[in-house]
Amino acid sequence: MDNNNGGSSSNNNKPVRRQPTPPVTEVPKAPGTVPPETFYASASKSSAGLTPPPLPLRPKSSAGSAYTKVNIEPPPTYDTVFREPQLVSEDTIGTDQVPALIPADDHHNWPAVEPTGRWPEDDWSRTDTWNEPMPWDSSWAGGTSQTVMDIDARDQEEETNWWDAELRGTRNRPGRGILPPFVAELLHNPEHSLFSVSVTAPDMRPSGDVSPFIPPSHDEILRAVPHANTYYCRRHHGWVFLQWKTSTILPPFAKSFDVKQHPPLPDQDRRKRTVSCADDSFEKSKKTHHFHFYPKAVDSGQLNPAFHRAPWEVAAQRKQKRRKITSISLDDNPLKELDVKMNEDLPEGHVEGELLDLYVCCQCSLYCIASEAMPGVIALKYVEDFTKHRHEHPPIGRQPDESVVSGWETLITIIENKLWKGKNGQLPISGKTFQNKIGWSSTTGYIFKQLGFEIITRTEAPGTPEERTDEFLTPPNTELNSPEGQEARTKLLRFWVETNAYLVDYQRRFATALKHYKPHPLYVKIDSAREMYQQAIGAHPDQIPRSSSSYPLGSLAEYVPLLQTWKILGITPTTCSSDILIFAYLAQCRCDPANTILYFTHFYAIVAAIQSLGGVPPQELQTLVFDERTRGRFTEEDLQNAAAVLGFGKDGALRLELEDDIEDNFLAEAWRTAIKNAWRDAKDCTQLQRDANEAFKIIAQSRGSKKLMKLFSESSKNQMDPSRAYSVLEVSADVDDELVLTVFMMRVEEQPHQSDKWREALRTIAEVRDSSRLRHFLEEGKDPGDIVTPTRADLPRGLNQLGNTCYLNSLLQYFYTIKELREAVASMANIDVKALEDEKYSEDDLKRHRVGGRLITRREILRSKKFVSQLADLFWQLQFCENQAVTPTIDLAKLALVTSRDEEEEEADRGGTDSSNDTDATLVEDGPVRSPDSNGSVLGKRPRDEQRMDMDVDVPTSPITEETNGYVMISQPSPSRGSKSPRLHGESSSSTMPLPSPLPDVEMVNHENSQVEVQKKPPPLPTRKPTQSDSVMMFGKQHDVSECMDNCMFQIEIALLKFDGLSDSDNHNSVVKRLFYGKLRQRLTQVPAQRRPRTPTHEKEDLFSHLPVNVADSGFDIYDGLSGYFDDVVDYEGEKARMEVTLVDLPPLLQIQLQRVQFNRETLQPYKSQAYVKFGETIYMDRFLDTADPAKRAKSKEVQAELNTRRERLRLLTQNKHAPFHASLKSTLDFLSKQETLIIPDVDEELVANLNGEQDIIEAEIVELKDTISKLKEELENIWKDDTSVAYELTSVFIHRGSSPSFGHYFFYSRHLPEQPDNWFKYNDHQVTEVSKTEVLADTTGSTANPYLLVFAKKDRDIVRTVNRFDPMALEDIDT
């Protein structure tokens, strides 16, 4: 850090009177302040390396913010355009108007509130886990009666209800603030020194004969300093405008300052009441100033006196502005409109001045305005380069520092000779004196060019042997009779002042090295301005002491976890005493109540950091923490813990992150569930209930939900746990509802004054029992007897969750809506399980049927019939149950979620299995192709253990026979193509030569099993270490949604098989096959350029139950997604091949799977794509049929290929790793255009224009791509617009809500068919509600709730009957 001691000038002239400066009252020291001379450390400590830099010397005479001054020779009565800014107090606003940052009719701003004692607390929260004290020591503040400071203008109602946005809107608070030490650092870099500059006119006279000229006048010398409120910074070699003032009249706001984009100004009425916080030493509620920051708010051109840049600076600004304008597209460029707004109602030709930052204290009339560093005549880079060159190349006989001083003095002398001595001679560049004292380089050339000097070439003795060409510097014209001369004169004077100031500071810093050097007289004096502006804004060490290493909070300055904390609280670590920290925290909560929890989080972090570093937090900090906890304050970590308490998070019961789009009703239900779960814990019931209540309150406040807070307030007044409720009524927990009501009415009759207590006890028992009868009594006051909660008879029933089974509930509800499947399953109701277990199947029976392309086992038959029997019972309850929801059995859930293979593995892990019902037929696996392989499941929880096999069309052929007949076997699946949808074996297809056999198609067999015979025993399962996770619960290993659907359909098909010897062995008439399975044809053709001689086209027919749509990017519809599956390029035998898929036969129910799980190759982690895929109520599959018009198909492929190419290009420009390029170029241009102090040699207007040109090119290309994509898409749809014979209508939509592919919440929409096709039902576990189709078809962009499975039914087919409820009225009609 620079020392701020002012340098002394070497002039002997009698200085002209200084500008008048008002007296400033000495700021009294606060009681107990450490004297500056002994503040940092003792002498002994200094030796230990603890000595801080010395405090800067304070100027002897007090001055206002305009301490920069000029000393000029008489006459002393000259007129000046400047008026010295003064620290004055103005009692009235007069005719000036405050900007409309505060509504004129606001009468509620900042009400004064009397200090209060301890804040009220709810009875239930006195011992909650969030309010436990930290274990600092035995003298915890909670046991003391110490009172923490109060501050002015606090509002108890607002602070208590900080979460209430409506209430906050009536207070109009100014937002986050900052304390004076932090403001001092923002005003200017604390490592840089600011100097006030005093100028004395040189005592110089022309020598010899010179042309008549006019030396600089008093006014010109005065204007050499940019403004009375500007200060010189050597580290920037420029100026900073800095002004402070105590006034109820705010400075003039710039017209470009948009008040709507910033927080309101502090209450002006309150600011009038106090001149300065620092002056009122008896007002303890105003510990110090609390400033609020408004960037680029003040127009310096409207100040009095006004401040404008010099003409050459305006030209540079215009150049920068041109760069900025060219770096932004003119279509959305706000600068033109901004220029109009800036200059309207202003005098003609007037432009906005420098835009200054404004700092306003909300407690008093003080404000401060400041600019960024404004560069001097010569940019800092060239000043440093010149100094460095002179230092590294001193002339003979000079020391490096002497060489530097001599070089700058020479430049000063050149300017003085020109301005005060009238010398206009040319300077020979090659002259010995010039080269010795200045030297010529690109830096020197730049300096003279900036000063207006021109290089001319002169030839001496031309045509003779002595001919010589020299270069000379010609000084600029500085005559006052031309604008150019006036500008050059002003520029030279400014350079003269800046160079003098730089040289004075250099001589001060290197005084030891220059002690033998005789300096040139300098006419500028600089004095440190730091203490002056620190004291003015209340940041001086006498006002706010700095901490030493022994100070309680001093060791936190470099503590990394707190680096952001200081900024949030608006303080600096070196000034963070306990009092200042408390004031900063309370002031932030007062002025920005919306972020109360953010401030408490960081305040608490400081207190906790003290403890973590081995210290004991001061008593006053402990007290405030206790008080704030009592008032319900919580940290951001507490909020995360609260979410976990209610079951949110990856490992929570809800398996759902707490995100902003979670509905309030869902949160309320999660709270009620947590309360009920707490009641079931006999040991920790009370504590768990308190935790749930506190968690709910925290979440409600963090969301600013008045609805949730009202619910919490009403529910928590007299809350009790079940044990207390039974105790209050003096009944046991096993009595029935009727007896509970009898006892309740007796208690009320005996002690009516305690009826509220009795009712709360009864309400608790009603909730823990989930008793509709007790609830009805509480609501109506009458005992209805044994009742069932009324639910509309025609409304589908919901399914209660068993724990992480929301996706199973969706699947079971989906099955129930399918008429034929529902009726087939109903036939399996009330099966005798014992009879099933005793039923025997011969080997011939087992070999007669193949399900999923393979033989089945006795074990699978038994478990499948159990599953379907349980499913039939569930369907019966869904039809006849009067309750709102039905609870599936645990056995049904286990059979649905756990496969037979998983059961076998678990039994093997336990040491053995009963294989009496098994058969070797389980070795043959050639199952049906599901569209994607299981490793790329819809929202897969994890990959399956087994690889899915390909399926024939149930033709009983022998693998050996196929090989001997020359059938081609695909033994190597193609490597994964990431986002592409797999086909056979993941991606490759089978092929076939012309067959001599009449068989309709060729079977695909996995290479690993191609040599396995049917009778061969399988290898023993490897021993595994049993594992268990929270998500597994009582069901063992669970699978994802698609695998669960496969398992259910597999078991339904097995259970409905007939083993009487009369049924069809190929199962073509299976209800599962009829409803869900279609047939497709796959053709694999090598790319023509790579085709080898006599290589056939490979072709294969397979069954399918799902069609996959890869969901990676947005901007696609369902047809685009399907096109990517039906026509693609894959790797086959190391070469590229085209895979074409066509539909031979379509099923009645078409299931389209939206594959949202994607893989991030940078993080090597899967993620869920939230991209929106557009779909409608109807889809036409004609274009994908095997019989589609070949000409249309060829044209469609051509257009689709072009469409894909354009979309990929658009994705690269807007969504790629380094995209969007347009924004990147814009940011680069903005950065380059704002560089005023940093000189980048290669950056010029040509580069900016080229970059802007690239930006325009990319912008134009993006616009062209979007237009072309739209036209291509329209052309593609027009090709097939008349092909509408194969129509399917949307019937079901499965939704996954959550940001993770591993967990989340599932629910299901089903169309109300056939009665009301425009209405839909939403099945959300136990809740079934009616919704409109608008909700189902809505654009989900920005939401985490997205479709992952779409189901379409063939149009005009009676397949789906959504509502299947028992109607008692139908029986009455029959009776009549």
# chains A, B, ... in the order shown; residues from 1 in each chain; ligands from 1

$ residues_around --residues "Phe253 (chain A)" --least-positions-apart "3" --cutoff "9 Å" --atoms "only C-alpha atoms" --output "list of chain:residue names"
A:Pro99, A:Leu250, A:Ser256, A:Phe257, A:Lys296, A:Ala297, A:Val298, A:Asp299, A:Ser300, A:Gln302

$ residues_around --residues "Leu1349 (chain A)" --least-positions-apart "5" --cutoff "6 Å" --atoms "only C-alpha atoms" --output "PyMOL selection string"
chain A and resi 1152-1154+1293-1294

$ write_last_selection --atoms "N, CA and C atoms" --output "PDB file, in the first residue's frame"
ATOM      1  N   ILE A1152     -45.079 -45.125 -27.007  1.00  0.00           N
ATOM      2  CA  ILE A1152     -43.897 -44.384 -27.468  1.00  0.00           C
ATOM      3  C   ILE A1152     -43.122 -43.923 -26.244  1.00  0.00           C
ATOM      4  N   GLN A1153     -41.894 -44.363 -26.178  1.00  0.00           N
ATOM      5  CA  GLN A1153     -41.055 -44.129 -25.001  1.00  0.00           C
ATOM      6  C   GLN A1153     -40.128 -42.945 -25.247  1.00  0.00           C
ATOM      7  N   LEU A1154     -40.217 -41.909 -24.411  1.00  0.00           N
ATOM      8  CA  LEU A1154     -39.351 -40.730 -24.537  1.00  0.00           C
ATOM      9  C   LEU A1154     -38.132 -40.942 -23.659  1.00  0.00           C
ATOM     10  N   VAL A1293     -50.609 -40.484 -20.680  1.00  0.00           N
ATOM     11  CA  VAL A1293     -49.322 -39.780 -20.610  1.00  0.00           C
ATOM     12  C   VAL A1293     -48.735 -40.018 -19.223  1.00  0.00           C
ATOM     13  N   PHE A1294     -47.539 -40.598 -19.190  1.00  0.00           N
ATOM     14  CA  PHE A1294     -46.835 -40.825 -17.932  1.00  0.00           C
ATOM     15  C   PHE A1294     -45.859 -39.668 -17.709  1.00  0.00           C
TER      16      PHE A1294
END

$ residues_around --residues "Pro573 (chain A)" --least-positions-apart "3" --cutoff "7 Å" --atoms "only C-alpha atoms" --output "ChimeraX atom specification"
/A:554,556-557,566,576

$ write_last_selection --atoms "C-alpha atoms" --output "mmCIF file, in the first residue's frame"
data_model
loop_
_atom_site.group_PDB
_atom_site.id
_atom_site.type_symbol
_atom_site.label_atom_id
_atom_site.label_comp_id
_atom_site.auth_asym_id
_atom_site.auth_seq_id
_atom_site.Cartn_x
_atom_site.Cartn_y
_atom_site.Cartn_z
ATOM 1 C CA GLY A 554 -8.852 -10.052 13.581
ATOM 2 C CA LEU A 556 -10.856 -14.005 10.437
ATOM 3 C CA ALA A 557 -9.597 -11.595 7.768
ATOM 4 C CA TRP A 566 -17.945 -9.692 4.382
ATOM 5 C CA CYS A 576 -15.416 -6.094 12.249
#

$ residues_around --residues "Glu220 (chain A)" --least-positions-apart "6" --cutoff "9 Å" --atoms "only C-alpha atoms" --output "compact mmCIF listing (two decimals) with C-alpha atoms, in the first residue's frame"
# COMPACT_ATOMS: atom_id res chain seq x y z
CA ARG A 489 -3.25 24.30 -25.06
CA THR A 490 -5.64 22.69 -22.54
CA LEU A 493 -1.57 22.05 -19.44

$ select_by_dssp --residues "region 516-662 of chain A" --states "strand (DSSP E or B)" --output "ChimeraX atom specification"
/A:524-528

$ atom_distance --atom1 "CA of Asn830 (chain A)" --atom2 "CA of Ala872 (chain A)"
8.1 Å

$ closest_residue --among "A:Thr413, A:Gly376, A:Ser403, A:Ala1112" --to "Met204 (chain A)" --atoms "only C-alpha atoms"
A:Thr413

$ closest_residue --among "A:Tyr231, A:Phe1126, A:Phe875, A:Phe291" --to "Leu186 (chain A)" --atoms "only C-alpha atoms"
A:Phe291

$ select_by_dssp --residues "region 1139-1278 of chain A" --states "alpha helix (DSSP H)" --output "count of residues only"
72

$ residues_around --residues "Pro1314 (chain A)" --least-positions-apart "4" --cutoff "9 Å" --atoms "only C-alpha atoms" --output "list in words"
Asp1358, Val1360, Arg1361 and Thr1362 of chain A

$ closest_residue --among "A:Ile396, A:Leu739, A:Ala1188, A:Val1263" --to "Leu1213 (chain A)" --atoms "only C-alpha atoms"
A:Val1263

$ residues_around --residues "Ile571 (chain A)" --least-positions-apart "5" --cutoff "8 Å" --atoms "only C-alpha atoms" --output "JSON, numbers by chain"
{"A": [178, 179, 181, 182, 566, 576, 581, 584]}

$ atom_distance --atom1 "CA of Lys697 (chain A)" --atom2 "CA of Arg629 (chain A)"
13.4 Å
